[in-house]
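Text of final_1.pdb (PDB, C-alpha atoms, pLDDT in the B column) as supplied:
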ATOM      1  CA  MET A1129      11.002  10.133 -10.004  1.00 73.00           C
ATOM      2  CA  GLY A1130       7.578   8.503  -9.819  1.00 93.00           C
ATOM      3  CA  ASN A1131       4.681   9.377  -7.572  1.00 96.00           C
ATOM      4  CA  ALA A1132       3.619   7.515  -4.437  1.00 96.00           C
ATOM      5  CA  TYR A1133      -0.122   8.005  -3.953  1.00 97.00           C
ATOM      6  CA  ILE A1134      -1.011   7.548  -0.283  1.00 97.00           C
ATOM      7  CA  PHE A1135      -4.552   6.209   0.141  1.00 95.00           C
ATOM      8  CA  ASN A1136      -5.117   6.811   3.888  1.00 94.00           C
ATOM      9  CA  ASP A1137      -7.084   9.939   4.789  1.00 92.00           C
ATOM     10  CA  HIS A1138      -6.820   9.463   8.558  1.00 92.00           C
ATOM     11  CA  LEU A1139      -3.099   9.180   9.287  1.00 93.00           C
ATOM     12  CA  SER A1140      -1.549  11.008  12.203  1.00 92.00           C
ATOM     13  CA  GLY A1141       0.971  13.742  11.463  1.00 93.00           C
ATOM     14  CA  ALA A1142       3.802  11.498  12.646  1.00 94.00           C
ATOM     15  CA  ASP A1143       2.646   8.650  10.372  1.00 95.00           C
ATOM     16  CA  ARG A1144       2.452  11.035   7.397  1.00 96.00           C
ATOM     17  CA  ASP A1145       5.990  12.227   8.118  1.00 96.00           C
ATOM     18  CA  THR A1146       7.174   8.613   8.326  1.00 95.00           C
ATOM     19  CA  ILE A1147       5.556   7.621   5.021  1.00 96.00           C
ATOM     20  CA  ASP A1148       6.845  10.789   3.344  1.00 96.00           C
ATOM     21  CA  ALA A1149      10.410   9.983   4.469  1.00 96.00           C
ATOM     22  CA  ILE A1150      10.172   6.330   3.379  1.00 94.00           C
ATOM     23  CA  VAL A1151       8.818   6.968  -0.119  1.00 95.00           C
ATOM     24  CA  THR A1152      11.096   9.958  -0.693  1.00 95.00           C
ATOM     25  CA  ALA A1153      14.150   7.884   0.272  1.00 93.00           C
ATOM     26  CA  ALA A1154      13.004   5.250  -2.250  1.00 92.00           C
ATOM     27  CA  GLY A1155      12.845   7.899  -5.002  1.00 94.00           C
ATOM     28  CA  PHE A1156       9.128   8.688  -5.079  1.00 96.00           C
ATOM     29  CA  HIS A1157       7.214  11.923  -4.655  1.00 96.00           C
ATOM     30  CA  PRO A1158       4.493  11.482  -1.960  1.00 97.00           C
ATOM     31  CA  LEU A1159       0.993  12.652  -2.935  1.00 96.00           C
ATOM     32  CA  TYR A1160      -2.135  12.539  -0.780  1.00 94.00           C
ATOM     33  CA  ALA A1161      -4.572  12.983  -3.659  1.00 91.00           C
ATOM     34  CA  VAL A1162      -5.381  10.267  -6.182  1.00 92.00           C
ATOM     35  CA  PRO A1163      -6.100  11.435  -9.738  1.00 91.00           C
ATOM     36  CA  PRO A1164      -9.720  10.864 -10.781  1.00 87.00           C
ATOM     37  CA  ASP A1165      -8.543   9.640 -14.186  1.00 87.00           C
ATOM     38  CA  HIS A1166      -6.469   6.508 -13.576  1.00 86.00           C
ATOM     39  CA  SER A1167      -5.221   6.532 -17.157  1.00 87.00           C
ATOM     40  CA  SER A1168      -2.795   9.271 -16.077  1.00 89.00           C
ATOM     41  CA  LEU A1169      -1.009   6.802 -13.770  1.00 93.00           C
ATOM     42  CA  ASP A1170       2.291   5.339 -14.921  1.00 94.00           C
ATOM     43  CA  PRO A1171       2.536   1.611 -14.077  1.00 93.00           C
ATOM     44  CA  ASP A1172       6.316   1.741 -14.475  1.00 92.00           C
ATOM     45  CA  ASP A1173       6.941   4.707 -12.167  1.00 94.00           C
ATOM     46  CA  ASP A1174       3.950   5.238  -9.841  1.00 96.00           C
ATOM     47  CA  ILE A1175       2.879   3.258  -6.766  1.00 95.00           C
ATOM     48  CA  GLY A1176      -0.003   3.259  -4.311  1.00 96.00           C
ATOM     49  CA  VAL A1177       0.824   3.248  -0.591  1.00 96.00           C
ATOM     50  CA  VAL A1178      -1.292   2.348   2.424  1.00 95.00           C
ATOM     51  CA  GLY A1179      -0.328   2.823   6.063  1.00 94.00           C
ATOM     52  CA  LEU A1180      -1.355  -0.077   8.312  1.00 91.00           C
ATOM     53  CA  PRO A1181      -3.237  -0.612  10.469  1.00 89.00           C
ATOM     54  CA  ALA A1182      -5.858   1.383   8.599  1.00 88.00           C
ATOM     55  CA  ALA A1183      -8.586   3.406  10.278  1.00 88.00           C
ATOM     56  CA  ALA A1184     -12.069   1.920   9.827  1.00 88.00           C
ATOM     57  CA  GLU A1185     -13.259   5.084   8.077  1.00 92.00           C
ATOM     58  CA  ASP A1186     -10.556   4.627   5.410  1.00 92.00           C
ATOM     59  CA  LEU A1187     -11.475   1.077   4.366  1.00 92.00           C
ATOM     60  CA  ALA A1188     -13.845   1.968   1.518  1.00 93.00           C
ATOM     61  CA  THR A1189     -11.388   4.502   0.071  1.00 93.00           C
ATOM     62  CA  ILE A1190      -8.438   2.124   0.367  1.00 95.00           C
ATOM     63  CA  ASP A1191     -10.356  -0.725  -1.267  1.00 94.00           C
ATOM     64  CA  ALA A1192     -11.578   1.460  -4.141  1.00 94.00           C
ATOM     65  CA  HIS A1193      -8.148   2.934  -4.845  1.00 95.00           C
ATOM     66  CA  ALA A1194      -6.345  -0.421  -4.528  1.00 95.00           C
ATOM     67  CA  LYS A1195      -8.718  -2.051  -7.032  1.00 94.00           C
ATOM     68  CA  ALA A1196      -8.407   0.866  -9.457  1.00 94.00           C
ATOM     69  CA  PHE A1197      -4.606   0.971  -9.202  1.00 95.00           C
ATOM     70  CA  ALA A1198      -4.311  -2.794  -9.652  1.00 92.00           C
ATOM     71  CA  GLY A1199      -6.609  -2.524 -12.677  1.00 92.00           C
ATOM     72  CA  ALA A1200      -4.293   0.126 -14.116  1.00 93.00           C
ATOM     73  CA  GLY A1201      -1.251  -2.095 -13.486  1.00 92.00           C
ATOM     74  CA  VAL A1202       0.106   0.065 -10.663  1.00 93.00           C
ATOM     75  CA  ARG A1203       1.686  -1.639  -7.619  1.00 92.00           C
ATOM     76  CA  VAL A1204       0.058  -1.186  -4.222  1.00 93.00           C
ATOM     77  CA  ILE A1205       2.233  -1.489  -1.109  1.00 93.00           C
ATOM     78  CA  ALA A1206       0.880  -1.554   2.430  1.00 92.00           C
ATOM     79  CA  ILE A1207       3.385  -0.625   5.134  1.00 93.00           C
ATOM     80  CA  TRP A1208       2.861  -1.759   8.731  1.00 91.00           C
ATOM     81  CA  LEU A1209       3.593   1.472  10.610  1.00 91.00           C
ATOM     82  CA  HIS A1210       2.558  -0.019  13.957  1.00 84.00           C
ATOM     83  CA  LYS A1211       1.658  -3.414  15.269  1.00 71.00           C
ATOM     84  CA  GLU A1212      -2.080  -3.973  15.041  1.00 61.00           C
ATOM     85  CA  GLU A1213      -3.929  -1.929  17.591  1.00 55.00           C
ATOM     86  CA  THR A1214      -7.550  -2.051  18.697  1.00 46.00           C
ATOM     87  CA  SER A1215      -8.241   1.139  16.725  1.00 49.00           C
ATOM     88  CA  GLY A1216      -6.935  -0.380  13.481  1.00 49.00           C
ATOM     89  CA  THR A1217      -8.639  -2.769  11.116  1.00 58.00           C
ATOM     90  CA  GLY A1218      -5.703  -4.872   9.998  1.00 63.00           C
ATOM     91  CA  ILE A1219      -5.355  -5.530   6.289  1.00 77.00           C
ATOM     92  CA  PRO A1220      -8.122  -4.104   4.072  1.00 86.00           C
ATOM     93  CA  ASP A1221      -9.663  -6.717   1.743  1.00 86.00           C
ATOM     94  CA  ALA A1222      -8.305  -5.196  -1.468  1.00 89.00           C
ATOM     95  CA  ILE A1223      -4.746  -5.127  -0.089  1.00 87.00           C
ATOM     96  CA  GLY A1224      -5.003  -8.837   0.667  1.00 81.00           C
ATOM     97  CA  LYS A1225      -5.978  -9.416  -2.977  1.00 85.00           C
ATOM     98  CA  TYR A1226      -4.024  -6.813  -4.952  1.00 87.00           C
ATOM     99  CA  GLY A1227      -1.181  -5.513  -2.800  1.00 87.00           C
ATOM    100  CA  VAL A1228       1.880  -6.519  -0.843  1.00 87.00           C
ATOM    101  CA  THR A1229       2.469  -5.860   2.854  1.00 87.00           C
ATOM    102  CA  VAL A1230       5.776  -5.023   4.489  1.00 88.00           C
ATOM    103  CA  ASP A1231       6.796  -4.005   7.999  1.00 88.00           C
ATOM    104  CA  ILE A1232       8.322  -0.559   8.493  1.00 91.00           C
ATOM    105  CA  ALA A1233      11.439  -2.089  10.060  1.00 87.00           C
ATOM    106  CA  SER A1234      11.849  -4.750   7.368  1.00 86.00           C
ATOM    107  CA  PRO A1235      15.160  -4.931   5.537  1.00 84.00           C
ATOM    108  CA  GLN A1236      12.992  -5.598   2.450  1.00 83.00           C
ATOM    109  CA  LEU A1237      11.119  -2.249   2.661  1.00 87.00           C
ATOM    110  CA  SER A1238      13.128  -0.381   0.019  1.00 85.00           C
ATOM    111  CA  ASN A1239      13.160  -3.418  -2.279  1.00 82.00           C
ATOM    112  CA  THR A1240       9.390  -3.783  -1.893  1.00 85.00           C
ATOM    113  CA  LEU A1241       8.765  -0.145  -2.839  1.00 86.00           C
ATOM    114  CA  LYS A1242      10.904  -0.645  -5.933  1.00 83.00           C
ATOM    115  CA  GLY A1243       9.096  -3.774  -7.130  1.00 80.00           C
ATOM    116  CA  GLY A1244       9.894  -6.732  -4.871  1.00 70.00           C
ATOM    117  CA  ASP A1245       7.112  -8.974  -3.621  1.00 68.00           C
ATOM    118  CA  VAL A1246       7.033  -9.317   0.157  1.00 62.00           C
ATOM    119  CA  TRP A1247       4.185 -10.390   2.419  1.00 55.00           C
ATOM    120  CA  GLU A1248       4.819  -9.619   6.074  1.00 56.00           C
ATOM    121  CA  GLU A1249       2.739  -9.266   9.213  1.00 57.00           C
ATOM    122  CA  ALA A1250       3.159  -6.360  11.614  1.00 56.00           C
ATOM    123  CA  GLY A1251       6.496  -6.903  13.316  1.00 58.00           C
ATOM    124  CA  GLY A1252       8.050  -8.462  10.201  1.00 56.00           C
ATOM    125  CA  ALA A1253       6.855 -12.077  10.520  1.00 54.00           C
ATOM    126  CA  PRO A1254       6.207 -13.602   7.101  1.00 56.00           C
ATOM    127  CA  ARG A1255       2.610 -14.148   6.080  1.00 56.00           C
ATOM    128  CA  PRO A1256       1.463 -16.446   3.298  1.00 53.00           C
ATOM    129  CA  ALA A1257       1.236 -14.944  -0.152  1.00 57.00           C
ATOM    130  CA  PRO A1258      -2.383 -14.375  -1.143  1.00 52.00           C
ATOM    131  CA  ARG A1259      -3.870 -16.919  -3.507  1.00 55.00           C
ATOM    132  CA  THR A1260      -5.659 -15.372  -6.442  1.00 52.00           C
ATOM    133  CA  LYS A1261      -8.492 -17.531  -7.705  1.00 53.00           C
ATOM    134  CA  ARG A1262      -8.503 -17.646 -11.472  1.00 49.00           C
ATOM    135  CA  ASN A1263     -11.261 -18.897 -13.750  1.00 56.00           C
ATOM    136  CA  LYS A1264     -10.330 -21.772 -16.024  1.00 63.00           C
ATOM    137  CA  CYS A1265     -10.686 -21.082 -19.705  1.00 63.00           C
TER
END
Rewrite the structure of this file - the entire thing - as structure tokens.
Amino acid sequence: MGNAYIFNDHLSGADRDTIDAIVTAAGFHPLYAVPPDHSSLDPDDDIGVVGLPAAAEDLATIDAHAKAFAGAGVRVIAIWLHKEETSGTGIPDAIGKYGVTVDIASPQLSNTLKGGDVWEEAGGAPRPAPRTKRNKC
């Protein structure tokens, strides 16, 4: 069983319980602390998880962790727990670049946690896959 590192620091108790249940059902152990040494992460078994919409005070942390996890080859999955609200910030920049987004009610949720690529808006509507700009050699 791999670890699911949850990046949000400002989730409600109900949202934490929801994420815990989702990642546990998918076979992961939920952790709310990210190891300072990213070399201890296992790209084959570990994942990073973000609850959306994210609180504004979590954006810097989410972006830093998402970049570090992507650099270590670890998948980052953002789960829409609620439709966007005025208190949320939508999709953090690093998630748009390095992660996938899936709605909590999506039939693809379990598949996404286990490695599938899905890009959904809150409510499950598809969103375009991000385009990664690459330098030409």
Self-check item: Residue with smallest distance to Ile1147 in chain A - pool A:Leu1169, A:Ile1190, A:Leu1180, A:Val1228, counting all atoms listed in the file
Solution: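 Checking each candidate against Ile1147 in chain A, we get A:Leu1180 as the closest.
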Exercise. Write out as number ranges by chain which residues come within 12 Å of Ala1142 in chain A when counting all atoms listed in the file, dropping same-chain ones fewer than 5 positions away.
Key: A: 1147-1149, 1179, 1209-1210
Exercise. Can you pull out every residue within 9 Å of Ile1223 in chain A, counting all atoms listed in the file, but drop anything in the same chain fewer than 6 positions away, and send it as number ranges by chain?
Key: A: 1178, 1190-1191, 1194-1195, 1204-1206, 1229
Exercise. Apply the PyMOL selection byres ((chain A and resi 1129) around 8) to the structure shown and report the selected residues as number ranges by chain.
Key: A: 1130-1131, 1155-1157, 1173
Exercise. Rounded to one decimal place, report the CA of Leu1237 in chain A-CA of Ser1168 in chain A distance in Å.
Key: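 One can read the CA of Leu1237 in chain A to CA of Ser1168 in chain A distance as 26.0 Å.
Taking CA of Pro1235 in chain A and CA of Ala1184 in chain A as endpoints, the distance between them is 28.4 Å.
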Exercise. Name the residues that the PyMOL selection byres ((chain A and resi 1232) around 6) pulls out of this structure, and write them as a PyMOL selection string.
Key: chain A and resi 1207-1209+1231+1233-1234
Protein, DNA and RNA residues within 8 Å of (-9.4, 6.2, -7.1), all atoms listed in the file, as a PDB file with C-alpha atoms, keeping the file's coordinate frame:
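The resulting file, out24.pdb, is shown below:
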ATOM      1  CA  VAL A1162      -5.381  10.267  -6.182  1.00 92.00           C
ATOM      2  CA  PRO A1163      -6.100  11.435  -9.738  1.00 91.00           C
ATOM      3  CA  PRO A1164      -9.720  10.864 -10.781  1.00 87.00           C
ATOM      4  CA  ASP A1165      -8.543   9.640 -14.186  1.00 87.00           C
ATOM      5  CA  HIS A1166      -6.469   6.508 -13.576  1.00 86.00           C
ATOM      6  CA  THR A1189     -11.388   4.502   0.071  1.00 93.00           C
ATOM      7  CA  ALA A1192     -11.578   1.460  -4.141  1.00 94.00           C
ATOM      8  CA  HIS A1193      -8.148   2.934  -4.845  1.00 95.00           C
ATOM      9  CA  ALA A1194      -6.345  -0.421  -4.528  1.00 95.00           C
ATOM     10  CA  ALA A1196      -8.407   0.866  -9.457  1.00 94.00           C
ATOM     11  CA  PHE A1197      -4.606   0.971  -9.202  1.00 95.00           C
TER      12      PHE A1197
END
Can you sort out range 1215-1237 of chain A so it carries N, CA, C and O atoms, written as a compact mmCIF listing (two decimals), in the frame of the given file?
# COMPACT_ATOMS: atom_id res chain seq x y z
N SER A 1215 -7.61 0.12 17.57
CA SER A 1215 -8.24 1.14 16.73
C SER A 1215 -8.07 0.85 15.23
O SER A 1215 -8.72 1.45 14.41
N GLY A 1216 -7.19 -0.08 14.88
CA GLY A 1216 -6.94 -0.38 13.48
C GLY A 1216 -7.79 -1.53 13.00
O GLY A 1216 -8.42 -2.24 13.78
N THR A 1217 -7.81 -1.73 11.71
CA THR A 1217 -8.64 -2.77 11.12
C THR A 1217 -7.81 -3.89 10.50
O THR A 1217 -8.37 -4.77 9.88
N GLY A 1218 -6.52 -3.84 10.62
CA GLY A 1218 -5.70 -4.87 10.00
C GLY A 1218 -5.51 -4.60 8.52
O GLY A 1218 -5.32 -3.47 8.10
N ILE A 1219 -5.59 -5.65 7.72
CA ILE A 1219 -5.36 -5.53 6.29
C ILE A 1219 -6.69 -5.37 5.57
O ILE A 1219 -7.54 -6.25 5.64
N PRO A 1220 -6.89 -4.26 4.86
CA PRO A 1220 -8.12 -4.10 4.07
C PRO A 1220 -8.22 -5.22 3.02
O PRO A 1220 -7.21 -5.71 2.53
N ASP A 1221 -9.44 -5.61 2.67
CA ASP A 1221 -9.66 -6.72 1.74
C ASP A 1221 -8.90 -6.57 0.43
O ASP A 1221 -8.29 -7.51 -0.05
N ALA A 1222 -8.95 -5.39 -0.16
CA ALA A 1222 -8.30 -5.20 -1.47
C ALA A 1222 -6.78 -5.33 -1.38
O ALA A 1222 -6.15 -5.77 -2.33
N ILE A 1223 -6.20 -4.97 -0.25
CA ILE A 1223 -4.75 -5.13 -0.09
C ILE A 1223 -4.40 -6.61 -0.05
O ILE A 1223 -3.43 -7.05 -0.65
N GLY A 1224 -5.23 -7.40 0.63
CA GLY A 1224 -5.00 -8.84 0.67
C GLY A 1224 -5.07 -9.47 -0.71
O GLY A 1224 -4.42 -10.47 -0.97
N LYS A 1225 -5.83 -8.87 -1.63
CA LYS A 1225 -5.98 -9.42 -2.98
C LYS A 1225 -5.00 -8.82 -3.98
O LYS A 1225 -4.53 -9.51 -4.88
N TYR A 1226 -4.76 -7.51 -3.88
CA TYR A 1226 -4.02 -6.81 -4.95
C TYR A 1226 -2.70 -6.19 -4.53
O TYR A 1226 -1.99 -5.66 -5.38
N GLY A 1227 -2.38 -6.21 -3.25
CA GLY A 1227 -1.18 -5.51 -2.80
C GLY A 1227 -0.22 -6.41 -2.04
O GLY A 1227 -0.51 -7.58 -1.79
N VAL A 1228 0.90 -5.84 -1.69
CA VAL A 1228 1.88 -6.52 -0.84
C VAL A 1228 1.93 -5.78 0.49
O VAL A 1228 1.58 -4.60 0.57
N THR A 1229 2.35 -6.48 1.54
CA THR A 1229 2.47 -5.86 2.85
C THR A 1229 3.88 -6.05 3.37
O THR A 1229 4.48 -7.12 3.21
N VAL A 1230 4.42 -4.99 3.98
CA VAL A 1230 5.78 -5.02 4.49
C VAL A 1230 5.83 -4.23 5.79
O VAL A 1230 5.14 -3.23 5.94
N ASP A 1231 6.64 -4.69 6.73
CA ASP A 1231 6.80 -4.00 8.00
C ASP A 1231 7.75 -2.83 7.83
O ASP A 1231 8.69 -2.88 7.04
N ILE A 1232 7.51 -1.77 8.59
CA ILE A 1232 8.32 -0.56 8.49
C ILE A 1232 9.79 -0.82 8.81
O ILE A 1232 10.68 -0.17 8.27
N ALA A 1233 10.05 -1.79 9.67
CA ALA A 1233 11.44 -2.09 10.06
C ALA A 1233 12.07 -3.19 9.21
O ALA A 1233 13.19 -3.60 9.46
N SER A 1234 11.36 -3.65 8.19
CA SER A 1234 11.85 -4.75 7.37
C SER A 1234 13.06 -4.34 6.54
O SER A 1234 13.08 -3.25 5.94
N PRO A 1235 14.04 -5.21 6.44
CA PRO A 1235 15.16 -4.93 5.54
C PRO A 1235 14.72 -4.97 4.07
O PRO A 1235 15.44 -4.51 3.19
N GLN A 1236 13.53 -5.51 3.81
CA GLN A 1236 12.99 -5.60 2.45
C GLN A 1236 12.16 -4.39 2.04
O GLN A 1236 11.64 -4.35 0.93
N LEU A 1237 12.01 -3.38 2.93
CA LEU A 1237 11.12 -2.25 2.66
C LEU A 1237 11.48 -1.52 1.37
O LEU A 1237 10.64 -1.33 0.49
